[in-house]
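Containing compact mmCIF, C-alpha atoms and all ligand atoms: work10.txt.
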```txt
# COMPACT_ATOMS: atom_id res chain seq x y z
CA MET C 1 148.11 240.02 82.98
CA LYS C 2 145.90 237.94 80.68
CA VAL C 3 144.25 235.24 82.78
CA LEU C 4 142.14 232.42 81.38
CA VAL C 5 139.36 231.55 83.84
CA LEU C 6 137.95 228.03 83.52
CA ASN C 7 134.79 226.74 85.20
CA CYS C 8 134.29 223.10 84.21
CA GLY C 9 131.08 221.28 85.10
CA SER C 10 130.06 217.69 84.45
CA SER C 11 129.04 218.46 80.84
CA SER C 12 130.09 222.06 80.35
CA VAL C 13 133.12 224.35 80.16
CA LYS C 14 132.66 228.06 80.85
CA PHE C 15 135.63 230.28 80.06
CA GLN C 16 136.66 233.92 80.16
CA LEU C 17 139.82 235.72 79.22
CA VAL C 18 140.31 238.49 81.77
CA GLU C 19 142.84 241.32 81.71
CA THR C 20 143.76 242.15 85.31
CA ASP C 21 146.58 243.32 87.55
CA GLU C 22 146.87 245.15 90.88
CA ALA C 23 146.30 248.65 89.47
CA LEU C 24 143.43 247.59 87.19
CA ALA C 25 141.73 245.72 90.05
CA ALA C 26 142.16 248.65 92.47
CA ALA C 27 140.57 250.98 89.90
CA GLY C 28 137.81 248.44 89.11
CA LYS C 29 138.95 248.54 85.48
CA ASP C 30 139.84 244.87 85.01
CA HIS C 31 137.39 243.08 82.76
CA ALA C 32 136.69 240.16 80.42
CA LEU C 33 138.12 240.50 76.92
CA ALA C 34 136.15 237.46 75.78
CA LYS C 35 133.82 234.88 77.27
CA GLY C 36 132.25 231.64 76.17
CA LEU C 37 130.53 228.42 77.05
CA VAL C 38 130.61 224.87 75.70
CA GLU C 39 127.49 222.96 76.79
CA ASN C 40 126.36 219.36 76.44
CA ILE C 41 129.84 217.83 76.29
CA GLY C 42 129.49 214.12 75.56
CA GLY C 43 127.20 214.68 72.57
CA ALA C 44 126.17 217.42 70.14
CA ALA C 45 127.78 220.30 72.03
CA MET C 46 126.80 223.93 71.68
CA LEU C 47 129.57 226.55 71.60
CA ARG C 48 128.75 230.16 72.42
CA TYR C 49 131.39 232.84 72.43
CA GLU C 50 131.64 236.61 72.36
CA ALA C 51 134.53 239.04 72.45
CA GLU C 52 134.74 242.82 72.64
CA GLY C 53 134.01 244.36 69.25
CA LYS C 54 133.66 241.00 67.43
CA ARG C 55 130.62 239.19 66.13
CA PRO C 56 129.24 236.55 68.51
CA VAL C 57 129.80 232.88 67.61
CA ARG C 58 127.18 230.09 67.92
CA GLU C 59 128.24 226.67 66.70
CA THR C 60 127.26 223.06 67.25
CA GLU C 61 129.78 220.26 67.15
CA GLU C 62 130.17 216.72 68.45
CA ILE C 63 132.44 217.13 71.50
CA LEU C 64 132.99 214.05 73.62
CA GLU C 65 135.41 215.23 76.29
CA HIS C 66 136.47 218.26 78.31
CA LYS C 67 139.91 218.44 76.73
CA ILE C 68 138.41 218.97 73.28
CA ALA C 69 136.10 221.63 74.72
CA VAL C 70 139.08 223.51 76.20
CA GLU C 71 140.90 223.10 72.86
CA ARG C 72 137.89 224.67 71.09
CA ALA C 73 137.85 227.53 73.63
CA LEU C 74 141.52 228.24 72.90
CA GLY C 75 140.75 227.97 69.19
CA LEU C 76 138.09 230.69 69.45
CA LEU C 77 140.30 232.97 71.56
CA THR C 78 143.00 232.84 68.86
CA ARG C 79 140.82 232.66 65.71
CA GLY C 80 141.60 235.40 63.16
CA ASP C 81 138.05 236.80 62.80
CA VAL C 82 136.77 236.63 66.39
CA GLY C 83 139.82 236.02 68.59
CA VAL C 84 141.48 238.42 71.01
CA LEU C 85 144.91 236.72 71.09
CA ARG C 86 147.50 236.14 68.37
CA ASP C 87 148.43 232.82 69.94
CA ARG C 88 147.68 230.89 73.11
CA GLY C 89 151.17 231.63 74.47
CA GLU C 90 149.81 235.08 75.42
CA ILE C 91 147.76 233.47 78.20
CA GLU C 92 149.91 234.15 81.26
CA ALA C 93 148.00 232.19 83.89
CA VAL C 94 144.91 230.01 84.31
CA GLY C 95 142.44 230.33 87.20
CA HIS C 96 140.24 227.31 87.89
CA ARG C 97 136.98 227.33 89.77
CA VAL C 98 137.12 224.33 92.11
CA VAL C 99 133.94 223.59 94.05
CA HIS C 100 135.23 221.82 97.15
CA GLY C 101 138.41 222.45 99.07
CA GLY C 102 137.33 220.67 102.27
CA GLU C 103 139.05 221.95 105.41
CA ARG C 104 142.41 221.91 103.73
CA PHE C 105 142.13 224.85 101.34
CA LYS C 106 141.36 228.04 103.23
CA THR C 107 142.53 230.34 100.42
CA SER C 108 143.18 230.11 96.70
CA VAL C 109 146.40 228.25 95.81
CA ARG C 110 148.78 227.63 92.96
CA ILE C 111 148.23 224.08 91.70
CA ASP C 112 151.14 221.63 92.01
CA ASP C 113 151.11 217.83 92.44
CA GLU C 114 150.46 218.07 96.17
CA VAL C 115 147.55 220.50 95.70
CA LEU C 116 146.16 218.27 92.96
CA ASP C 117 146.22 215.31 95.40
CA GLY C 118 144.40 217.49 97.94
CA ILE C 119 141.69 218.41 95.42
CA GLU C 120 141.31 214.74 94.51
CA ASP C 121 141.00 213.87 98.22
CA CYS C 122 137.89 216.11 98.20
CA PHE C 123 136.24 214.07 95.41
CA GLU C 124 134.09 212.19 97.89
CA LEU C 125 132.78 215.48 99.32
CA ALA C 126 131.81 216.78 95.86
CA PRO C 127 131.62 213.73 93.57
CA LEU C 128 129.78 215.56 90.79
CA HIS C 129 131.85 218.75 90.83
CA ASN C 130 135.49 218.26 91.74
CA PRO C 131 136.23 215.57 89.09
CA PRO C 132 135.27 217.81 86.12
CA ASN C 133 137.20 220.69 87.75
CA VAL C 134 140.29 218.47 87.69
CA LYS C 135 139.58 217.38 84.10
CA GLY C 136 139.61 221.06 83.12
CA TYR C 137 142.92 221.57 84.92
CA ARG C 138 144.56 218.58 83.24
CA ALA C 139 143.31 219.70 79.83
CA ALA C 140 144.56 223.27 80.27
CA ARG C 141 147.91 222.06 81.63
CA ASP C 142 148.42 219.78 78.63
CA LEU C 143 147.35 222.45 76.14
CA LEU C 144 149.03 225.52 77.63
CA GLY C 145 152.52 224.34 78.51
CA ALA C 146 154.23 226.59 81.00
CA ALA C 147 151.37 228.82 82.24
CA PRO C 148 150.87 228.67 86.03
CA HIS C 149 147.51 227.37 87.32
CA VAL C 150 145.60 228.54 90.38
CA ALA C 151 142.63 226.87 92.12
CA VAL C 152 139.93 229.13 93.59
CA PHE C 153 137.51 227.21 95.82
CA ASP C 154 133.78 227.81 96.40
CA THR C 155 134.23 226.66 100.00
CA SER C 156 137.37 228.47 101.14
CA PHE C 157 135.77 231.83 102.03
CA HIS C 158 133.55 230.04 104.56
CA GLN C 159 136.45 228.30 106.32
CA THR C 160 136.38 231.17 108.84
CA MET C 161 133.02 229.96 110.21
CA PRO C 162 133.33 229.14 113.92
CA PRO C 163 132.55 225.60 115.13
CA GLU C 164 129.15 226.61 116.49
CA ALA C 165 128.17 227.56 112.95
CA PHE C 166 129.77 224.64 111.10
CA LEU C 167 128.99 221.69 113.39
CA TYR C 168 125.74 219.76 113.05
CA GLY C 169 123.90 218.33 116.06
CA LEU C 170 125.15 214.85 115.17
CA PRO C 171 127.61 212.49 116.88
CA TYR C 172 130.96 214.31 116.79
CA VAL C 173 132.62 211.15 115.51
CA LEU C 174 130.89 211.68 112.13
CA TYR C 175 132.74 214.97 111.79
CA GLN C 176 136.03 213.36 112.80
CA ARG C 177 135.65 210.27 110.62
CA HIS C 178 133.84 211.55 107.56
CA GLY C 179 134.16 215.34 107.61
CA ILE C 180 130.40 215.75 108.16
CA ARG C 181 130.14 219.49 108.84
CA ARG C 182 128.87 222.60 107.13
CA TYR C 183 131.25 223.90 104.45
CA GLY C 184 129.15 226.44 102.55
CA PHE C 185 129.44 227.27 98.85
CA HIS C 186 129.22 230.29 96.51
CA GLY C 187 132.19 231.65 98.49
CA THR C 188 133.66 233.41 95.46
CA SER C 189 130.41 235.29 94.89
CA HIS C 190 129.92 236.20 98.57
CA ARG C 191 133.51 237.42 98.73
CA PHE C 192 133.21 239.49 95.54
CA VAL C 193 129.88 241.01 96.59
CA SER C 194 131.01 241.76 100.16
CA GLN C 195 134.18 243.49 98.90
CA ARG C 196 132.09 245.59 96.53
CA LEU C 197 129.61 246.35 99.31
CA ALA C 198 132.41 247.55 101.59
CA HIS C 199 133.60 249.81 98.77
CA LEU C 200 130.08 251.23 98.30
CA LEU C 201 129.93 251.99 102.04
CA GLY C 202 133.33 253.69 101.91
CA ARG C 203 134.82 251.09 104.29
CA THR C 204 137.68 248.63 103.86
CA PRO C 205 136.47 245.01 103.46
CA ASP C 206 138.49 243.86 106.50
CA ASP C 207 137.25 246.66 108.79
CA PRO C 208 136.62 244.56 111.93
CA GLY C 209 133.38 246.38 112.74
CA LEU C 210 131.83 245.87 109.30
CA ARG C 211 128.74 243.59 109.34
CA LEU C 212 127.34 242.48 105.99
CA VAL C 213 124.69 240.05 104.81
CA THR C 214 125.05 238.93 101.19
CA CYS C 215 122.34 237.05 99.26
CA HIS C 216 123.36 235.09 96.17
CA LEU C 217 120.07 234.23 94.47
CA GLY C 218 120.57 232.42 91.16
CA ASN C 219 119.83 228.85 90.13
CA GLY C 220 121.47 227.96 93.41
CA CYS C 221 120.80 230.30 96.34
CA SER C 222 122.65 231.09 99.55
CA VAL C 223 123.02 233.82 102.17
CA ALA C 224 126.17 234.68 104.14
CA ALA C 225 126.79 236.62 107.36
CA ILE C 226 130.17 238.37 107.11
CA ARG C 227 132.00 240.28 109.83
CA GLY C 228 135.21 242.16 109.09
CA GLY C 229 135.52 240.41 105.72
CA ARG C 230 135.26 236.93 107.31
CA SER C 231 132.33 234.59 106.77
CA GLN C 232 130.60 233.87 110.11
CA ASP C 233 127.81 231.69 108.75
CA THR C 234 126.22 230.71 105.46
CA SER C 235 123.07 228.88 104.53
CA MET C 236 124.49 226.04 102.40
CA GLY C 237 126.00 223.20 104.40
CA PHE C 238 127.69 219.84 103.85
CA THR C 239 126.37 220.10 100.29
CA PRO C 240 124.64 222.95 98.41
CA LEU C 241 121.26 221.41 99.31
CA GLU C 242 120.85 223.12 102.69
CA GLY C 243 119.35 226.53 103.34
CA LEU C 244 117.20 228.57 100.98
CA VAL C 245 114.60 227.15 98.62
CA MET C 246 116.26 227.11 95.16
CA GLY C 247 115.24 226.47 91.56
CA THR C 248 115.13 222.68 91.94
CA ARG C 249 116.66 222.10 95.43
CA SER C 250 114.54 221.84 98.56
CA GLY C 251 116.77 223.75 100.98
CA ASP C 252 116.20 223.11 104.70
CA LEU C 253 113.85 220.33 105.69
CA ASP C 254 113.25 217.86 108.50
CA PRO C 255 115.74 215.04 107.74
CA ALA C 256 113.15 212.49 108.86
CA ILE C 257 111.10 213.38 105.76
CA VAL C 258 113.76 211.79 103.57
CA LEU C 259 113.62 208.50 105.48
CA HIS C 260 109.83 208.56 105.55
CA VAL C 261 109.41 209.28 101.82
CA MET C 262 112.08 206.76 100.82
CA GLY C 263 109.98 204.09 102.60
CA LYS C 264 106.59 205.26 101.33
CA GLU C 265 107.63 205.74 97.71
CA GLU C 266 110.18 202.88 97.67
CA LEU C 267 113.00 205.18 96.59
CA GLY C 268 116.67 204.25 96.45
CA VAL C 269 119.49 206.60 97.44
CA GLY C 270 119.96 207.88 93.88
CA GLU C 271 116.26 208.60 93.47
CA ALA C 272 116.05 210.37 96.83
CA ASN C 273 119.05 212.46 95.80
CA ALA C 274 117.36 213.41 92.53
CA LEU C 275 114.11 214.20 94.36
CA LEU C 276 115.84 216.67 96.67
CA ASN C 277 118.24 218.22 94.15
CA LYS C 278 116.37 218.16 90.83
CA HIS C 279 112.63 217.92 91.46
CA SER C 280 112.11 220.08 94.54
CA GLY C 281 112.39 223.82 95.26
CA LEU C 282 110.50 226.27 93.05
CA LEU C 283 109.93 223.59 90.41
CA GLY C 284 108.56 220.98 92.78
CA LEU C 285 106.37 223.43 94.69
CA SER C 286 104.88 225.16 91.64
CA GLY C 287 104.75 222.29 89.16
CA VAL C 288 105.30 225.10 86.64
CA SER C 289 108.97 226.02 86.39
CA ASN C 290 112.23 226.51 88.24
CA ASP C 291 112.65 229.91 86.59
CA MET C 292 111.66 232.87 88.75
CA ARG C 293 110.64 234.92 85.68
CA THR C 294 108.07 232.31 84.65
CA LEU C 295 106.79 231.98 88.22
CA LEU C 296 106.33 235.73 88.75
CA ALA C 297 104.40 235.90 85.45
CA ALA C 298 102.25 232.89 86.43
CA ASP C 299 101.64 234.41 89.87
CA ALA C 300 100.49 237.65 88.24
CA GLU C 301 98.02 235.61 86.15
CA GLY C 302 96.57 234.03 89.28
CA ASN C 303 98.36 230.67 89.38
CA GLU C 304 98.13 229.78 93.06
CA ARG C 305 100.89 227.21 93.17
CA ALA C 306 103.27 229.61 91.48
CA ARG C 307 102.34 232.18 94.11
CA ALA C 308 102.89 229.65 96.91
CA ALA C 309 106.33 228.74 95.48
CA VAL C 310 107.42 232.39 95.37
CA ASP C 311 105.99 232.96 98.85
CA VAL C 312 107.92 230.01 100.31
CA PHE C 313 111.09 231.20 98.57
CA CYS C 314 110.74 234.75 99.95
CA TYR C 315 109.68 233.64 103.44
CA ARG C 316 112.68 231.32 103.80
CA LEU C 317 114.98 234.14 102.72
CA ARG C 318 113.30 236.53 105.20
CA LYS C 319 114.00 234.08 108.03
CA TYR C 320 117.67 233.83 107.08
CA LEU C 321 118.03 237.61 106.76
CA ALA C 322 116.65 238.14 110.26
CA ALA C 323 118.71 235.27 111.65
CA TYR C 324 121.94 236.65 110.17
CA VAL C 325 121.28 240.13 111.50
CA GLY C 326 121.04 238.33 114.85
CA VAL C 327 124.30 236.41 114.22
CA LEU C 328 126.12 239.67 113.47
CA GLY C 329 124.44 241.72 116.22
CA GLY C 330 123.08 244.12 113.57
CA ALA C 331 123.92 244.72 109.92
CA ASP C 332 125.50 247.70 108.19
CA ALA C 333 124.40 246.54 104.75
CA VAL C 334 122.64 243.80 102.80
CA ALA C 335 123.32 242.90 99.16
CA PHE C 336 121.20 241.09 96.57
CA ALA C 337 123.13 239.32 93.80
CA GLY C 338 122.66 236.51 91.23
CA GLY C 339 120.07 236.27 88.45
CA ILE C 340 117.10 236.62 90.82
CA GLY C 341 118.72 239.01 93.30
CA GLU C 342 119.86 241.37 90.54
CA ASN C 343 116.77 241.29 88.34
CA ALA C 344 113.65 240.59 90.42
CA PRO C 345 112.50 243.66 92.45
CA ALA C 346 109.31 241.77 93.42
CA VAL C 347 111.31 239.02 95.14
CA ARG C 348 113.49 241.55 96.96
CA ALA C 349 110.42 243.48 98.18
CA ARG C 350 108.58 240.31 99.29
CA SER C 351 111.66 238.97 101.10
CA VAL C 352 112.26 242.05 103.25
CA ARG C 353 108.59 242.56 104.14
CA GLY C 354 108.30 243.06 107.89
CA LEU C 355 112.06 243.28 108.43
CA ASP C 356 111.91 247.00 109.36
CA ALA C 357 112.10 245.70 112.92
CA VAL C 358 115.70 244.59 112.25
CA GLY C 359 116.52 247.69 110.19
CA ILE C 360 116.06 246.20 106.69
CA ALA C 361 113.69 247.80 104.18
CA VAL C 362 113.59 248.75 100.51
CA ASP C 363 112.37 251.96 98.92
CA PRO C 364 109.74 250.91 96.31
CA LYS C 365 110.94 253.31 93.60
CA ARG C 366 114.65 252.61 94.04
CA ASN C 367 113.95 248.88 94.19
CA GLU C 368 111.91 248.92 90.95
CA SER C 369 114.56 250.78 89.02
CA ALA C 370 117.51 248.56 90.05
CA ARG C 371 117.48 245.79 87.43
CA GLY C 372 120.77 244.18 86.52
CA THR C 373 122.68 247.23 87.69
CA GLU C 374 124.46 248.19 90.88
CA GLY C 375 122.54 250.55 93.13
CA GLU C 376 121.21 251.35 96.57
CA ILE C 377 117.58 250.36 97.12
CA SER C 378 117.03 251.17 100.82
CA PRO C 379 115.26 254.36 101.89
CA GLU C 380 117.30 257.44 102.86
CA GLY C 381 118.66 257.12 106.41
CA ALA C 382 118.01 253.36 106.77
CA SER C 383 120.02 251.68 109.54
CA ALA C 384 121.00 248.79 107.25
CA ARG C 385 121.67 250.01 103.71
CA VAL C 386 120.46 247.62 101.01
CA PHE C 387 122.14 247.32 97.60
CA VAL C 388 121.86 245.37 94.39
CA VAL C 389 125.39 244.23 93.53
CA PRO C 390 125.90 242.26 90.29
CA THR C 391 128.23 239.41 91.13
CA ASN C 392 131.29 238.51 89.06
CA GLU C 393 132.89 235.28 90.21
CA GLU C 394 135.15 235.02 87.16
CA LEU C 395 136.66 238.43 87.88
CA LEU C 396 137.50 237.41 91.44
CA ILE C 397 139.03 234.13 90.20
CA ALA C 398 141.18 236.13 87.76
CA ARG C 399 142.22 238.61 90.49
CA ASP C 400 143.19 235.81 92.89
CA THR C 401 145.12 234.09 90.10
CA TYR C 402 147.02 237.26 89.30
CA ARG C 403 147.91 237.91 92.95
CA ILE C 404 149.14 234.39 93.58
CA VAL C 405 151.20 234.26 90.40
CA ALA C 406 152.62 237.73 91.19
CA GLY C 407 153.52 236.57 94.74
CA LEU C 408 151.11 239.03 96.41
CA PRO C 409 149.06 238.19 99.52
CA PRO C 410 145.35 237.40 98.98
CA ALA C 411 143.16 240.51 98.64
P1 LIG C 501 122.02 232.70 87.72
O1 LIG C 501 122.22 231.29 88.19
O2 LIG C 501 122.67 233.71 88.62
O3 LIG C 501 122.34 232.91 86.26
O4 LIG C 501 120.45 232.97 87.87
C1 LIG C 501 119.53 232.27 87.08
C2 LIG C 501 118.13 232.57 87.56
O5 LIG C 501 117.88 233.98 87.63
C3 LIG C 501 117.07 232.05 86.61
O6 LIG C 501 116.69 230.76 86.94
C4 LIG C 501 115.92 233.00 86.80
O7 LIG C 501 115.02 232.39 87.72
C5 LIG C 501 116.49 234.22 87.45
N1 LIG C 501 116.29 235.43 86.66
C6 LIG C 501 117.03 235.92 85.65
N2 LIG C 501 116.48 237.06 85.18
C7 LIG C 501 115.38 237.31 85.91
C8 LIG C 501 114.37 238.33 85.91
N3 LIG C 501 114.40 239.34 85.05
N4 LIG C 501 113.37 238.23 86.82
C9 LIG C 501 113.33 237.21 87.68
N5 LIG C 501 114.24 236.23 87.74
C10 LIG C 501 115.25 236.26 86.86
```
Take the structure in the file and write it out as structure tokens.
Amino acid sequence: MKVLVLNCGSSSVKFQLVETDEALAAAGKDHALAKGLVENIGGAAMLRYEAEGKRPVRETEEILEHKIAVERALGLLTRGDVGVLRDRGEIEAVGHRVVHGGERFKTSVRIDDEVLDGIEDCFELAPLHNPPNVKGYRAARDLLGAAPHVAVFDTSFHQTMPPEAFLYGLPYVLYQRHGIRRYGFHGTSHRFVSQRLAHLLGRTPDDPGLRLVTCHLGNGCSVAAIRGGRSQDTSMGFTPLEGLVMGTRSGDLDPAIVLHVMGKEELGVGEANALLNKHSGLLGLSGVSNDMRTLLAADAEGNERARAAVDVFCYRLRKYLAAYVGVLGGADAVAFAGGIGENAPAVRARSVRGLDAVGIAVDPKRNESARGTEGEISPEGASARVFVVPTNEELLIARDTYRIVAGLPPA
């Protein structure tokens, strides 16, 4: 089945055309036929696109709304010189990344009017993310006629967290009235990586005894503790701000700091929000960059604040790794994924330093040679095996979409 995967952000549309079905997925042979990105919607937008065996496309064009961006994506997929489809009618289903599904959506679902209402009810939980996700859906529905649409939520994988993991130490009435609880994000990535990890261990993902810790370390970063294929805990919370130190997000902090700094610096709510989400994390600590590559290079040249930023990042991750081994009562395997997790051996080595006590270690040679590729990096005979597992959220969205449209139970 040819599935169009759409991931619409506030000013961007990412898309992939994926060929998948049950047999292809089981053999790990399903893959993207073409992928692209429209950035800076609302102004001079940049289109990037590449398809198997065709020349890559880079174009700039004034694009003011998501619907035009989706139209351009369909145009590229069907264009004589670079396209992979004769016409858009060949697209058999559309899978949409939707950030927040609240407590309502515990699995991926086919989108109908009722589901659409449910996604819109979650707008107040994810005011920056869910509205563009819905814009993308409406655009694709208008442009693609009869194709079925499926929503795949970032939160749904973590709906299996028990109350002790998802409740905050706040008045319970805030949970009842306003849904203030931990939801967790990056669920599609944690699910993909944990399924792959199970495969690498020769176990089935839902083996009840299987205990995995997955680290998604990209621009946003989170860790998940997974038992028997079900998320037990994850480091992001009510919003993606909680947990690890990230490129520009603070991660965990004493909530009183926010109140204190708002008073001292005379900040409004919007400014405090920007401080925590856009000016903190690696960028705020280092004053150099939010990009781990730049920071590792600056650290190597002796920049002390860059070193401190990387140290804080790795130390926070080390605490979560040890905590999640505790949550699971031991771990069979740990995975590193995302731009940093897949490509930065130095960060992996610094994060597991001293964790031999809980069975986690990396072999220096194996760790150095795993860059952007799948592979085991723990020493022979380690009690917790450690792997680099490149994530592929789009592939999982396409697989879910196929299964739902084909009437199969979720994988
Ligand atoms: P993602 O959001 O998964 O695309 O990850 C993006 C982040 O990965 C960037 O901000 C970089 O900090 C990081 N990254 C990508 N390549 C490398 C690399 N070779 N070494 C260190 N960090 C990298």
*Using all atoms listed in the file, determine which residues fall within 7 Å of ligand LIG 501 (chain C), then list them as a PyMOL selection string.*
chain C and resi 217-220+247+290-293+338-340+343-344
*asked:* I want to know what sits within 9 Å of Gly237 of chain C, based on only C-alpha atoms, with residues of the same chain fewer than 2 positions away left out; could you give that as a list in words?
replied: Phe166, Arg181, Arg182, Tyr183, Gly184, Phe185, Thr234, Ser235, Thr239, Pro240, Leu241, Glu242 and Gly243 of chain C
_Leu24 of chain C surroundings by all atoms listed in the file, 12 Å radius, close-in-sequence under 2 positions cut, as a PyMOL selection string_ = chain C and resi 1-2+18-22+26-31+395+398-399+402
*asked:* Report as a list in words all protein, DNA and RNA residues lying within 7 Å of segment 33-42 of chain C, evaluated on all atoms listed in the file, omitting residues in the same chain fewer than 3 positions from it.
replied: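 Counting only the stated atoms, we get Ser11, Ser12, Val13, Lys14, Phe15, Gln16, Leu17, Val18, Glu19, Ala45, Met46, Leu47, Arg48, Tyr49, Glu50, Ala51, Glu52, Ile63, Leu64, Glu65, His66 and Ala69 of chain C.
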*Using only C-alpha atoms, which of C:Ala44, C:Ile111, C:Ala346, C:Leu77 sits nearest Asp299 of chain C?*
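The shortest atom-to-atom distance to Asp299 of chain C comes from C:Ala346.
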*Between C:Glu394, C:Asp113, C:Asp206, C:Asp142, which is the closest to Ile68 of chain C once you count all atoms listed in the file?*
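Nearest to Ile68 of chain C: C:Asp142.
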_I'd like the interatomic distance between atom CA of Glu114 of chain C and atom CA of Val150 of chain C, to a tenth of an Å._
12.9 Å
Provide an axis-aligned box for all listed atoms of segment 353-361 of chain C, padding each side by 8 Å; report its centre and its edge lengths in Å to one decimal, as lines of an AutoDock Vina configuration file.
```
center_x = 112.4
center_y = 245.2
center_z = 108.5
size_x = 24.2
size_y = 21.2
size_z = 24.8
```
*Which of these, C:Ala165, C:Ala151, C:Ala139, C:Leu170, has the shortest distance to Asp112 of chain C once you count all atoms listed in the file?*
C:Ala151
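Using all atoms listed in the file for every distance, the candidate list C:Val388, C:Ala274, C:Leu321, C:Ala337 yields C:Ala337 as the residue closest to Ser189 of chain C.
In terms of minimum interatomic distance to Leu253 of chain C, C:Gly281 ranks closest within C:Asn367, C:Gly281, C:Val98, C:Thr391, counting all atoms listed in the file.
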*Rank nothing, just name the residue among C:Ala382, C:Asp311, C:Pro171, C:Gly330 nearest to Arg348 of chain C, using only C-alpha atoms.*
C:Asp311
